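Peer 1: Let me give you the structure first, and then I'll get to my questions.
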Amino acid sequence: MALEQQAEFLQQIPPFGLIDVSALRQAALSMDVIYLPTGVSVPLLASVSADNQQAEYKTPTFLYFVIKGVIAEESQGLVVGRYSIRGYFGERNVIQMQSAAARLKPKGMAHADSVFRVLEEAILYRMPGAVFLELFQENEAFQEYFNANIVDKLNAMHHAVQTTTSTEVMMDTVCSAPIQPLVIVSDSETLQSAIQKMVEHKTDACVVAPHGAISMGNQSRGGQADEVGYGIITSTDILKLIADEQTGLLLQDLASSGVANGPLLTVHEFDYLFNALLKMTRFQVDRLIVRSDTDLVGFLNLKDLMSLFANQSGLALLKVEQAQSVDDLHIVAQQIDQLVENLNRKGIKTHYIAKLVNELHRKMIHKLVELLLPEALQSEVCLMVMGSEGRAEQVVRTDQDNALMFSNELSKKAQEQLMIFSDSFTQAMIEIGFPTCPGKIMLSNAMWRQSVSQFSEKVRHWFDHPTRENFMYIAILCDAEVVYGHSEWLFAVKRTLQQRMADNPIFLRHFAKAVIQFETPVSFFGGLRTENNSGLESIDLKKGGIFPIVHGVRCYALEYKIEPTNTHWRIKALIDLGLFEESFGIELGETLNFLNTLRLESMLKQINQLDSGVVNFSEVTGDVRVVPNNYIDVSGLSHLQQDLLKQSLNVVEAFKRRVTKHFKLHEML
C-alpha cells in the first residue's frame with residue numbers, strides 16, 4: 001500500500017488526525033504490514049531488565065492497527081476488549097512504559113499481562129512503539145486526547161461526528177435564525193398605536209408591558225414571564241378582532257391591555273433552534289420572544305423556522321395536530337424513526353434526540369385520545385405515560401407504559417365506555433408502532449385504569465406489601481407524566497406516595513437495593529466482561545450500566561422531593577442542591593448519554609438487519625413492530641468506543657458505591 005494511503009488510513013483514526021501532515025507521513029513510513037492466522041497471539045511485548053532494579057519490565061515494542069480481522073484482548077482469562085478494522089492496541093502499554101520510566105503512576109493503563117489473540121485472521125499495520133511515543137511527547141493535542149477525562153472525550157467524539165456530516169439546522173442557535181424586531185408598547189396605549197408601531201418595524205407582533213415598564217430584563221430568564229400585565233398581541237389577534245361584528249373597527253378606542261394574551265413564552269438567543277421548535281410544538285404557538293441574559297431581543301417566528309427546516313426530515317413531524325386517523329399517525333411515527341437515524345448519524349447527543357422524540361410521541365398520544373375518546377369523557381380523565389417514556393428517555397419505541405385515571409364520580413356506564421376506549425387505544429398504539437408492554441402496564445389492563453382514589457389506595461397497598469413487583473410499580477409511577485387531562489390528579493397520587501414514604505423511613509434503603517442487583521460488566525482491572533449471546537460477545541447495557549444510573553438518581557430524587565422525571569434534569573437538580581459535585585454530576589450525565597447512544601445504535605442496527613433479512617438477536621413479539629434487545633456486540637465497537645465504554649462502566653461502578661454508602665445498603669445485605 002502506498003505511503004499516501006497509509007497516511008490517509010492513520011488520519012481517519014482518532015486522534016491521529018490531530019497530527020500535522022509531515023509528522024503523520026513520517027509515522028506512516030515507519031509502519032509495515034503483517035499477517036497473523038486465527039488463534040495466534042500478537043507479539044506485543046518483550047521482557048528486558050530494568051536498570052538499577054531487580055524486577056523485569058515488559059517493554060512495548062509495537063503499536064498495531066487493524067486493517068482486516070478481529071483481535072481479542074484477554075486478561076485474567078477474560079476477554080476485555082475487541083479490535084476490528086481501524087482499531088488499534090498497544091498504546092496504553094507504551095504510555096505506561098513512559099510513566100514508569102518517569103517514576104509516575106500511570107492512569108487507566110492496562111496490566112502488562114494482557115494478551116492479544118487473533119479471533120479472525122488478521123492483517124495489521126505495525127508501528128514501532130518509539131515512533132508512537134515521539135508523537136505522544138511532541139504533540140500537545142495528541143497527548144491531551146489520551147489524558148482527557150471521559151467528558152472531554154465524549155464531547156470531542158460528538159464534535160468530530162458533527163463536523164464530518166452535513167449541517168443539522170436544528171442544532172444551530174436561535175440567534176442564527178431570522179429574528180423579527182422587538183416592539184414593546186405600554187398597556188395604556190391604544191390598539192391602533194400598537195398596530196402602527198408593528199407596521200413601522202415590519203413585524204407581526206408586539207409585547208404589551210405594564211405602564212411605565214420599558215422591558216422585562218432578567219425577569220424573563222426562566223423562559224416564561226408570569227409578571228401580571230405582560231402579554232403579546234399578534235396579527236392573528238388583530239384579524240380576529242376586526243372580524244368580530246361587535247368590536248367593529250374602533251381600534252383607537254381599544255386599550256392594548258384588553259387584547260393582549262399571556263403568559264409570554266421566551267427562548268434564549270444562544271439556545272438551540274431544536275429547543276425553540278420543541279417549545280412551539282409543546283405550546284402550539286407560532287412565535288417565541290427571544291431573550292438575552294438581561295433583556296428581550298425580538299421575535300422568532302415559526303414560519304421563519306420552517307423555512308430553515310425546509311429540507312429537514314423533521315419538518316413533517318410538526319404537523320401531528322393535522323392527523324385525522326390512526327393511519328395518519330402511523331405515517332408520522334415512521335418519519336420519527338427516520339429522524340432518529342438522521343440525528344444519530346449526525347452526532348446529535350441521544351439526550352437531545354430523546355427530548356424531541358418524546359415531545360412528538362406525547363403529541364401523537366394526545367391526538368390519539370382526541371380521536372378515540374368520546375367527547376363527553378374528555379374532561380373526566382388523566383392519561384399518563386410512565387417508565388422511559390415518562391422520563392422522556394425512550395428513543396426507539398420498545399414498549400408502551402401508560403395508565404388512565406378517571407373522576408371518582410364517574411358512572412358505571414361511563415367506566416364501561418372507558419374500558420372500550422382503553423382497548424381501542426392500546427390497539428391503535430400497537431398500529432402506530434408502540435409494542436405492548438410485557439408486564440401489561442397499559443390502560444387496557446384494569447389495574448392501570450382506575451379512579452383517583454383507587455390509584456391512591458393502590459399506592460398505599462404497594463407500601464404495605466413491599467414486594468419486588470410492588471417496588472417496580474412504585475418506580476414506574478415515580479416517572480409518570482401527564483399527557484392528557486387533569487395533571488393535578490397525578491400530583492395528588494404522587495403526594496400520597498411521598499406521604500407513605502415519609503411514614504416508612506426505611507423504604508428508600510430497600511428501594512435503592514435494586515441499584516446493585518446487576519453486576520457491572522467491567523473487571524477488577526478495567527476490562528470488559530462479556531457474555532455469549534447468539535454467538536456474539538455481548539453486554540446488556542441496560543442492566544449493566546443504564547439502569548443503575550437511572551434508578552440510583554431516582555432514589556435520590558425521591559429522597560429530596562425533586563419533581564422532574566428526566567434523569568438528566570434530576571442530576572442537574574442534585575447538583576443545584578449541592579448533593580452531587582458539579583464535575584461528578586456532569587460525568588454521570590455524559591456517561592448515561594454515551595451508554596444510551598451505544599444502546600440506540602445497536603437497536604437501530606438490529607431493526608435494519610431484520611428489515612433487510614439479515615439474522616440478528618432481535619426479539620419478535622407478535623406485535624406489528626420488532627422489539628430490539630438491550631445487548632451490544634462488543635466486537636462491533638471501534639477502539640474509541642471500547643475505551644469510552646470501559647471508562648463509562650467504571651463511572652457506573654463508582655456511582656453504585658456512592659449509592660451503597662448514601663443509603664447504607666451494606667447494612668441491608
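If you're wondering about the labels, chains in the C-alpha cells are A, B, ... by order shown, residues count from 1 in each chain, ligands from 1 in order shown.
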Taking the chain letters and numbering used in this document, name the residues of range 398-554 of chain A that DSSP puts in strand (DSSP E), as a PyMOL selection string.

Peer 2: chain A and resi 402-406+449-451+481-485+531-533+536-540

Peer 1: I'd like a table as JSON lines: residues in range 521-579 of chain A with an atom no more than 7 Å from range 77-91 of chain A, each row giving the shortest atom pair and its distance in Å to one decimal, only C-alpha atoms counted, sorted by chain and rising residue number.

Peer 2:
```
{"residue": "A:Gly527", "atom": "CA", "partner": "A:Val80", "partner_atom": "CA", "distance": 4.2}
{"residue": "A:Leu528", "atom": "CA", "partner": "A:Val80", "partner_atom": "CA", "distance": 4.1}
{"residue": "A:Arg529", "atom": "CA", "partner": "A:Val80", "partner_atom": "CA", "distance": 6.0}
```

Peer 1: Can you pull out the residues contacting range 142-154 of chain A? Cut-off 7 Å, using only C-alpha atoms, and skip same-chain residues under 6 positions away; I want them as a list in words.

Peer 2: Pro15, Leu18, Phe136, Glu587, Glu590, Leu644 and Gln647 of chain A

Peer 1: To one decimal place in Å, what is the distance between CA of Asp204 in chain A and CA of Ser235 in chain A?

Peer 2: 5.3 Å

Peer 1: Out of A:Asp464, A:Glu359, A:Glu581, A:Glu519, which residue has the shortest atom-to-atom distance to Val483 in chain A when counting only C-alpha atoms?

Peer 2: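 Comparing A:Asp464, A:Glu359, A:Glu581, A:Glu519 against Val483 in chain A, the winner is A:Glu359.
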
Peer 1: Near Met384 in chain A, counting only C-alpha atoms, which residues have an atom at most 9 Å away, once you skip same-chain residues fewer than 5 positions from it, shown as a ChimeraX atom specification?

Peer 2: /A:390,401-405,480-485,487,490

Peer 1: Just the number, please: distance in Å from CA of Asp286 in chain A to CA of Tyr352 in chain A, one decimal.

Peer 2: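 Between CA of Asp286 in chain A and CA of Tyr352 in chain A the gap works out to 22.0 Å.
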